[in-house]
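Have a look at work28.txt; it's compact mmCIF, C-alpha atoms:
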# COMPACT_ATOMS: atom_id res chain seq x y z
CA MET A 1 -14.38 -35.70 64.55
CA ILE A 2 -11.17 -36.55 62.71
CA GLY A 3 -7.99 -34.62 63.44
CA PRO A 4 -5.33 -33.75 60.85
CA PHE A 5 -2.74 -35.96 62.56
CA ASP A 6 -4.94 -39.01 63.20
CA ARG A 7 -3.62 -42.20 61.62
CA VAL A 8 -5.90 -43.56 58.92
CA ARG A 9 -5.90 -47.02 57.37
CA LEU A 10 -8.20 -49.39 55.56
CA PRO A 11 -9.66 -51.93 58.00
CA LYS A 12 -9.39 -55.67 57.44
CA GLY A 13 -12.15 -56.63 55.03
CA VAL A 14 -11.91 -53.44 52.97
CA GLU A 15 -9.77 -53.56 49.82
CA LEU A 16 -8.81 -51.11 47.11
CA ARG A 17 -9.60 -52.85 43.79
CA ASP A 18 -9.75 -51.23 40.37
CA ASP A 19 -10.27 -47.67 41.64
CA ALA A 20 -12.98 -48.71 44.07
CA LEU A 21 -13.12 -49.44 47.79
CA VAL A 22 -14.63 -52.88 48.12
CA ASP A 23 -16.22 -54.05 51.35
CA VAL A 24 -15.86 -57.84 51.32
CA LEU A 25 -18.37 -58.06 54.19
CA ARG A 26 -21.23 -56.38 52.40
CA PRO A 27 -20.96 -56.70 48.63
CA SER A 28 -20.61 -53.00 47.94
CA ALA A 29 -18.01 -50.90 46.18
CA VAL A 30 -17.43 -47.17 46.54
CA PRO A 31 -15.73 -45.71 43.45
CA VAL A 32 -12.71 -43.56 44.25
CA ASN A 33 -11.22 -41.00 41.86
CA ALA A 34 -7.54 -40.14 41.39
CA THR A 35 -7.64 -37.43 44.08
CA ALA A 36 -9.13 -39.81 46.63
CA LEU A 37 -6.50 -42.41 45.73
CA VAL A 38 -3.76 -39.89 46.53
CA ALA A 39 -5.44 -39.10 49.86
CA LEU A 40 -5.87 -42.79 50.76
CA ASP A 41 -2.19 -43.41 50.10
CA ALA A 42 -1.24 -41.14 53.01
CA ARG A 43 -1.01 -42.08 56.70
CA THR A 44 -2.75 -38.96 58.06
CA ALA A 45 -5.11 -36.27 56.77
CA SER A 46 -2.30 -33.75 57.09
CA GLU A 47 0.00 -35.87 54.89
CA ALA A 48 -2.80 -36.41 52.39
CA ALA A 49 -3.49 -32.65 52.19
CA ALA A 50 0.21 -31.96 51.62
CA ALA A 51 0.29 -34.56 48.83
CA LEU A 52 -2.76 -32.99 47.15
CA GLU A 53 -1.24 -29.52 47.51
CA ARG A 54 1.95 -30.71 45.79
CA ARG A 55 0.18 -32.63 43.05
CA TYR A 56 -2.75 -30.36 42.18
CA GLY A 57 -1.62 -26.99 43.50
CA VAL A 58 -4.68 -26.49 45.74
CA ASP A 59 -4.22 -24.34 48.82
CA ALA A 60 -3.44 -26.18 52.05
CA GLU A 61 -6.64 -25.18 53.88
CA THR A 62 -8.97 -26.35 51.09
CA ALA A 63 -6.99 -29.58 50.64
CA LEU A 64 -7.17 -30.42 54.35
CA ARG A 65 -10.91 -29.62 54.52
CA ASP A 66 -11.63 -31.86 51.52
CA VAL A 67 -9.47 -34.70 52.86
CA LEU A 68 -11.12 -34.55 56.30
CA SER A 69 -14.53 -34.57 54.64
CA LEU A 70 -13.58 -37.62 52.51
CA PHE A 71 -12.17 -39.48 55.51
CA ALA A 72 -15.26 -38.69 57.59
CA GLU A 73 -17.53 -40.00 54.82
CA LEU A 74 -15.53 -43.24 54.44
CA ASN A 75 -15.37 -43.70 58.22
CA ALA A 76 -19.16 -43.31 58.43
CA ARG A 77 -19.46 -46.20 55.94
CA PHE A 78 -17.04 -48.36 58.00
CA LEU A 79 -14.52 -48.25 55.13
CA LEU A 80 -11.74 -46.38 56.92
CA ASN A 81 -10.38 -46.65 60.46
CA VAL A 82 -9.12 -43.56 62.23
CA SER A 83 -6.80 -43.69 65.25
CA PRO A 84 -6.02 -40.45 67.10
CA ARG A 85 -2.44 -40.19 68.33
CA TRP A 86 -3.48 -39.93 71.98
CA ARG A 87 -6.39 -42.36 71.57
CA ILE A 88 -9.07 -41.96 74.27
CA ALA A 89 -7.53 -38.79 75.71
CA ALA A 90 -7.60 -37.11 72.28
CA VAL A 91 -11.20 -38.20 71.61
CA ALA A 92 -12.34 -37.02 75.07
CA TRP A 93 -10.58 -33.66 74.67
CA ARG A 94 -12.10 -33.03 71.20
CA TRP A 95 -15.52 -34.07 72.48
CA LEU A 96 -15.37 -31.70 75.46
CA ARG A 97 -14.00 -28.86 73.29
CA THR A 98 -16.82 -29.21 70.73
CA VAL A 99 -19.75 -29.77 73.11
CA PRO A 100 -20.27 -26.08 74.09
CA ALA A 101 -20.60 -25.06 70.43
CA LEU A 102 -22.92 -27.90 69.39
CA LEU A 103 -25.14 -28.25 72.45
CA PRO A 104 -27.16 -25.04 71.81
CA LEU A 105 -27.93 -26.47 68.36
CA GLY A 106 -29.31 -29.62 69.98
CA ARG A 107 -26.47 -31.78 68.68
CA LEU A 108 -23.60 -33.72 70.16
CA PRO A 109 -20.15 -34.17 68.64
CA THR A 110 -19.73 -37.30 66.55
CA THR A 111 -17.10 -39.91 67.34
CA ALA A 112 -15.15 -41.80 64.70
CA ARG A 113 -16.09 -45.43 64.13
CA ALA A 114 -13.57 -48.23 64.46
CA ARG A 115 -14.16 -51.42 62.51
CA ARG A 116 -12.61 -54.58 63.96
CA ALA A 117 -12.40 -57.83 62.06
CA VAL A 118 -13.90 -61.04 63.42
CA ASP A 119 -13.60 -64.48 61.87
CA THR A 120 -16.97 -66.22 62.13
CA SER A 121 -16.08 -69.19 59.95
CA SER A 122 -15.92 -71.59 62.91
CA ALA A 123 -16.51 -71.58 66.66
CA CYS A 124 -12.76 -71.83 67.23
CA SER A 125 -11.85 -68.86 65.06
CA LEU A 126 -14.69 -66.87 66.60
CA ALA A 127 -13.43 -67.66 70.11
CA ARG A 128 -9.96 -66.54 69.03
CA THR A 129 -10.81 -63.31 67.19
CA ALA A 130 -13.92 -61.91 68.91
CA PRO A 131 -12.36 -61.29 72.36
CA VAL A 132 -9.40 -59.54 70.69
CA ALA A 133 -11.75 -57.35 68.66
CA LEU A 134 -13.86 -56.48 71.71
CA ALA A 135 -11.05 -56.09 74.27
CA PRO A 136 -10.31 -52.33 73.93
CA PHE A 137 -14.01 -51.48 74.02
CA LEU A 138 -14.62 -53.70 77.06
CA ALA A 139 -11.67 -52.14 78.87
CA LEU A 140 -13.19 -48.72 78.25
CA LEU A 141 -16.59 -49.93 79.48
CA LEU A 142 -15.02 -51.46 82.59
CA VAL A 143 -13.31 -48.21 83.55
CA ALA A 144 -16.30 -46.01 82.64
CA GLY A 145 -18.79 -48.36 84.34
CA THR A 146 -16.78 -48.56 87.56
CA THR A 147 -16.21 -44.80 87.67
CA THR A 148 -19.84 -43.93 86.93
CA SER A 149 -21.14 -46.43 89.52
CA ALA A 150 -18.71 -45.04 92.09
CA LEU A 151 -19.78 -41.44 91.43
CA LEU A 152 -23.52 -42.21 91.39
CA LEU A 153 -23.51 -44.45 94.45
CA ALA A 154 -21.17 -42.14 96.37
CA ALA A 155 -23.75 -39.38 95.83
CA PHE A 156 -26.16 -41.57 97.83
CA GLY A 157 -23.58 -42.16 100.54
CA VAL A 158 -22.59 -45.67 99.44
CA THR A 159 -18.86 -46.30 99.75
CA ALA A 160 -18.21 -49.90 98.75
CA PRO A 161 -15.29 -50.29 96.32
CA THR A 162 -16.07 -53.98 95.69
CA LEU A 163 -19.62 -53.06 94.67
CA PHE A 164 -18.34 -50.36 92.26
CA ALA A 165 -15.86 -52.81 90.72
CA THR A 166 -18.56 -55.52 90.50
CA LEU A 167 -20.89 -53.14 88.66
CA GLY A 168 -18.13 -52.19 86.21
CA ILE A 169 -17.31 -55.86 85.59
CA ALA A 170 -21.01 -56.73 85.24
CA ILE A 171 -21.56 -53.99 82.65
CA ALA A 172 -18.55 -55.12 80.60
CA ALA A 173 -19.45 -58.82 80.95
CA ALA A 174 -23.09 -58.25 79.97
CA VAL A 175 -22.09 -56.28 76.87
CA ALA A 176 -19.39 -58.84 75.95
CA LEU A 177 -21.83 -61.73 76.24
CA HIS A 178 -24.48 -59.82 74.28
CA GLU A 179 -22.14 -59.15 71.34
CA LEU A 180 -20.57 -62.63 71.46
CA ALA A 181 -24.03 -64.18 71.30
CA HIS A 182 -24.82 -62.11 68.19
CA LEU A 183 -21.56 -63.27 66.60
CA ALA A 184 -22.18 -66.91 67.55
CA ALA A 185 -25.59 -66.72 65.86
CA LEU A 186 -23.79 -65.41 62.76
CA ARG A 187 -21.45 -68.37 62.43
CA GLY A 188 -20.41 -68.75 58.81
CA VAL A 189 -21.65 -65.26 57.88
CA PRO A 190 -19.01 -62.53 57.31
CA ALA A 191 -19.23 -60.08 60.21
CA CYS A 192 -17.25 -57.44 62.05
CA ILE A 193 -17.56 -55.32 65.16
CA VAL A 194 -17.99 -51.58 64.80
CA VAL A 195 -17.22 -49.48 67.86
CA ARG A 196 -18.29 -45.87 68.18
CA GLY A 197 -17.65 -44.25 71.53
CA PHE A 198 -19.52 -46.25 74.16
CA ARG A 199 -21.45 -48.20 71.57
CA ALA A 200 -20.53 -51.46 69.85
CA SER A 201 -22.51 -53.15 67.13
CA VAL A 202 -22.15 -56.18 64.92
CA VAL A 203 -22.27 -55.49 61.19
CA HIS A 204 -22.81 -58.53 59.00
CA GLY A 205 -23.48 -59.75 55.51
CA ALA A 206 -26.97 -60.43 54.20
CA VAL A 207 -28.93 -63.23 55.93
CA SER A 208 -32.51 -64.48 55.68
CA PRO A 209 -35.23 -62.61 57.63
CA ARG A 210 -35.57 -65.60 59.95
CA ARG A 211 -31.88 -65.62 60.76
CA THR A 212 -31.91 -61.84 61.20
CA ARG A 213 -34.49 -62.33 63.96
CA ALA A 214 -32.46 -65.17 65.50
CA VAL A 215 -29.34 -62.98 65.51
CA ALA A 216 -31.25 -60.07 67.06
CA ALA A 217 -32.77 -62.28 69.78
CA SER A 218 -29.51 -64.01 70.70
CA GLY A 219 -27.94 -60.94 72.37
CA PRO A 220 -30.72 -60.03 74.84
CA VAL A 221 -31.51 -63.71 75.54
CA ALA A 222 -27.87 -64.43 76.44
CA GLY A 223 -27.88 -61.43 78.79
CA ILE A 224 -31.08 -62.60 80.51
CA ALA A 225 -29.60 -66.11 80.85
CA LEU A 226 -26.52 -64.65 82.55
CA ALA A 227 -28.78 -62.64 84.86
CA LEU A 228 -30.68 -65.81 85.84
CA CYS A 229 -27.36 -67.55 86.58
CA LEU A 230 -26.40 -64.65 88.84
CA VAL A 231 -29.78 -64.83 90.61
CA ALA A 232 -29.12 -68.54 91.20
CA LEU A 233 -25.68 -67.64 92.54
CA ALA A 234 -27.22 -64.98 94.79
CA SER A 235 -29.65 -67.55 96.17
CA VAL A 236 -26.77 -69.88 97.06
CA ARG A 237 -24.39 -67.22 98.34
CA PRO A 238 -26.46 -64.07 98.94
CA SER A 239 -24.51 -60.86 98.42
CA THR A 240 -25.24 -57.31 97.34
CA GLU A 241 -22.59 -57.62 94.62
CA ALA A 242 -24.22 -60.68 93.00
CA GLY A 243 -27.62 -58.97 93.22
CA ALA A 244 -26.36 -55.75 91.64
CA ALA A 245 -24.60 -57.70 88.86
CA ALA A 246 -27.81 -59.64 88.16
CA LEU A 247 -29.82 -56.41 87.90
CA VAL A 248 -27.31 -54.98 85.42
CA CYS A 249 -27.60 -58.15 83.30
CA PHE A 250 -31.41 -58.06 83.48
CA ALA A 251 -31.23 -54.71 81.66
CA ASN A 252 -30.56 -56.87 78.58
CA ALA A 253 -34.30 -57.60 78.58
CA LEU A 254 -34.81 -54.05 77.31
CA GLY A 255 -33.09 -55.25 74.14
CA LEU A 256 -36.33 -57.06 73.30
CA THR A 257 -38.27 -53.78 73.11
CA VAL A 258 -38.48 -51.44 70.13
CA ALA A 259 -36.33 -48.95 72.03
CA SER A 260 -33.34 -51.00 70.84
CA ARG A 261 -32.16 -51.97 67.36
CA ASP A 262 -32.42 -55.67 68.29
CA GLY A 263 -36.03 -55.23 69.37
CA ARG A 264 -36.93 -53.41 66.16
CA ALA A 265 -35.27 -56.18 64.09
CA LEU A 266 -37.26 -58.78 66.03
CA CYS A 267 -40.50 -56.97 65.21
CA GLY A 268 -39.52 -56.63 61.55
CA LEU A 269 -39.24 -52.84 61.82
CA SER A 270 -35.74 -52.51 60.39
CA MET B 1 -50.87 -56.19 62.74
CA ARG B 2 -48.17 -58.84 63.04
CA ILE B 3 -45.62 -56.20 64.04
CA VAL B 4 -47.88 -54.89 66.80
CA VAL B 5 -48.64 -58.36 68.18
CA THR B 6 -44.93 -59.33 68.12
CA ALA B 7 -44.03 -56.05 69.83
CA PHE B 8 -46.69 -56.67 72.50
CA LEU B 9 -45.36 -60.15 73.23
CA LEU B 10 -41.73 -59.04 73.30
CA GLY B 11 -42.48 -56.00 75.46
CA ALA B 12 -44.44 -58.16 77.88
CA ALA B 13 -41.63 -60.74 77.99
CA ALA B 14 -39.00 -58.05 78.59
CA VAL B 15 -40.89 -56.41 81.45
CA ALA B 16 -41.82 -59.81 82.90
CA ALA B 17 -38.15 -60.84 82.93
CA LEU B 18 -37.17 -57.56 84.57
CA ALA B 19 -39.97 -57.67 87.15
CA LEU B 20 -39.54 -61.34 87.98
CA GLY B 21 -35.77 -61.04 88.18
CA SER B 22 -35.96 -57.99 90.42
CA ALA B 23 -38.58 -59.65 92.62
CA ILE B 24 -36.54 -62.86 93.06
CA LEU B 25 -33.47 -60.80 93.76
CA ALA B 26 -35.26 -58.67 96.35
CA MET B 27 -36.53 -61.87 97.98
CA VAL B 28 -33.07 -63.44 98.09
CA LEU B 29 -31.50 -60.32 99.54
CA ALA B 30 -34.32 -59.86 102.07
CA GLU B 31 -33.86 -63.44 103.22
CA ALA B 32 -30.11 -62.97 103.50
CA SER B 33 -30.23 -59.62 105.30
CA GLY B 34 -32.40 -61.05 108.07
CA ARG B 35 -35.38 -58.74 107.53
CA ASP B 36 -38.65 -59.81 109.16
CA ALA B 37 -40.96 -58.39 106.52
CA PHE B 38 -40.48 -56.90 103.11
CA ARG B 39 -42.98 -55.52 100.59
CA VAL B 40 -42.50 -54.12 97.08
CA ALA B 41 -45.60 -52.44 95.64
CA LEU B 42 -46.69 -49.75 93.22
CA GLY B 43 -49.31 -48.03 95.38
CA GLU B 44 -51.94 -50.67 96.05
CA LEU B 45 -50.53 -52.99 93.42
CA GLU B 46 -48.27 -55.48 95.14
CA LEU B 47 -45.30 -57.01 93.34
CA LEU B 48 -43.77 -59.00 96.15
CA SER B 49 -44.23 -59.57 99.85
CA PHE B 50 -41.86 -61.40 102.12
CA GLU B 51 -42.55 -62.42 105.69
CA ARG B 52 -40.34 -64.30 108.10
CA ARG B 53 -42.08 -66.67 110.50
CA ALA B 54 -40.97 -68.84 113.33
CA ASP B 55 -41.23 -71.94 111.11
CA GLY B 56 -39.57 -70.41 108.00
CA SER B 57 -40.39 -67.65 105.56
CA GLU B 58 -43.21 -66.92 103.12
CA THR B 59 -42.87 -65.11 99.80
CA ALA B 60 -45.85 -64.11 97.69
CA PHE B 61 -45.87 -62.56 94.24
CA GLY B 62 -48.67 -60.04 93.81
CA PRO B 63 -50.86 -58.96 90.88
CA ALA B 64 -48.27 -56.40 89.73
CA LEU B 65 -46.30 -59.30 88.30
CA LEU B 66 -49.14 -59.70 85.77
CA VAL B 67 -50.07 -56.06 85.33
CA LEU B 68 -46.53 -54.76 84.69
CA PRO B 69 -45.81 -57.09 81.73
CA LEU B 70 -49.20 -56.23 80.23
CA LEU B 71 -48.40 -52.54 80.58
CA GLY B 72 -44.93 -53.10 79.06
CA GLY B 73 -46.49 -55.05 76.20
CA PHE B 74 -49.01 -52.30 75.44
CA LEU B 75 -46.36 -49.58 75.55
CA ASN B 76 -44.04 -51.55 73.26
CA ALA B 77 -46.88 -52.32 70.85
CA ALA B 78 -47.90 -48.64 70.76
CA ALA B 79 -44.31 -47.59 70.08
CA ALA B 80 -44.00 -50.25 67.35
CA ALA B 81 -47.23 -49.03 65.71
CA VAL B 82 -45.92 -45.44 65.71
CA LEU B 83 -42.56 -46.51 64.23
CA ASP B 84 -44.28 -48.68 61.62
CA ALA B 85 -46.61 -45.84 60.57
CA ARG B 86 -43.67 -43.44 60.40
CA GLY B 87 -41.70 -45.95 58.31
CA ARG B 88 -44.59 -46.38 55.86
CA ARG B 89 -44.98 -42.62 55.51
CA GLY B 90 -41.29 -42.37 54.57
CA PRO B 91 -38.67 -39.76 55.54

Rewrite the structure of this file - the entire thing - as structure tokens.
Amino acid sequence: MIGPFDRVRLPKGVELRDDALVDVLRPSAVPVNATALVALDARTASEAAAALERRYGVDAETALRDVLSLFAELNARFLLNVSPRWRIAAVAWRWLRTVPALLPLGRLPTTARARRAVDTSSACSLARTAPVALAPFLALLLVAGTTTSALLLAAFGVTAPTLFATLGIAIAAAVALHELAHLAALRGVPACIVVRGFRASVVHGAVSPRRTRAVAASGPVAGIALALCLVALASVRPSTEAGAAALVCFANALGLTVASRDGRALCGLS
Amino acid sequence: MRIVVTAFLLGAAAVAALALGSAILAMVLAEASGRDAFRVALGELELLSFERRADGSETAFGPALLVLPLLGGFLNAAAAAVLDARGRRGP
């Protein structure tokens, strides 16, 4: 779902070289023709369509449709970042507006991907860049986690604001630790974080099958380790909050099963 | 075969971590809340029992702590076998 006035730009790690979009992370190049070059020179799809209309004399509607289709394709390949003007509000509004039409077809609206650069060359650079790359996503998770916990628990008559906040923090912390552990296991390998709605994943360059398994295992294992720490904390200072946070972190164990991408990588299924 | 065995072990480990973690947590919270007795079971299959006595408290882990991981392992292995067969067959 890309709007005509969404800002588009090449993410860090994607370069335009000799009429091709080169992904320095994964050695791949997507050839781009003269029309696509004109479109990529613009800041929004609307501007790109106007430029094509001026240059090639195509009608505005066709130009905009083609530009949106090109941008969607490049975004799906993590080669183009799209930022709606009203950010989360715009994405939420588009999502809600499209759901009634797509739901009867058994589909859900797609959300644009955002690629965020991470420097994995050393532990220091990773510690500096990874939190910055993850911060907007974690803030979203914190708000969504706290709100959802509050709504669900309130339905059962639980009114404990500290518990709701703890659950939100635990969800964000568990996800942060999970992704940071993946990145730490990828030290020295080019990698980035791709966020799509409420989902974040680490995309990286080619590694050996053994390291692929190590990277896949690191996320869930780190989450389980955090859960065990919280259980230890709960045994020293028993509290419902510590217990609930530990349970949330224990959900990382499901990352070892084939229901998750990590689990499938561990089994050699992907 | 290797995929299925790995999936079984990982599934069992995942469910064991979840069950053990939940059981320890339930025990800690039961102890803290001052309950006299506490039992978590799936029908006849006991996962955890907690009993407070005059001279302290007693916690016992039941057979469910073995059965649940086995069940999780089998389910994960079955799912892995299905995914593997589907992958071999192609799209």

ask   = Quick one: which residues from chain A are at most 9 Å off chain B, using all atoms listed in the file, as a ChimeraX atom specification?
value = /A:224,227-228,231,234-235,237-240,243-244,246-247,250-259,263-264,266-269

request  = Skip Leu163 in chain A itself and residues of its chain fewer than 3 positions away, then list as number ranges by chain all residues within 9 Å of it, counting only C-alpha atoms.
outcome  = A: 146, 149-150, 159-160, 166-168, 240-241, 244-245

message = When you look at range 54-71 of chain B with a cut-off of 6 Å (counting only C-alpha atoms), what residues show up, excluding the ones that are within fewer than 3 positions of it in the same chain? I need them as a PyMOL selection string.
response = chain B and resi 12+15-16+45-51+74

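Take the candidates A:Ala114, A:Ile2, A:Arg17, A:Ala139 and check each one against Leu64 in chain A using all atoms listed in the file; the shortest distance goes to A:Ile2.
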
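Here CA of Thr110 in chain A stands at a distance of 8.8 Å from CA of Arg196 in chain A.
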
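Note that CA of Arg107 in chain A and CA of Ala36 in chain A are 29.2 Å apart.
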
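Here CA of Asp36 in chain B and CA of Arg52 in chain B stand 4.9 Å from one another.
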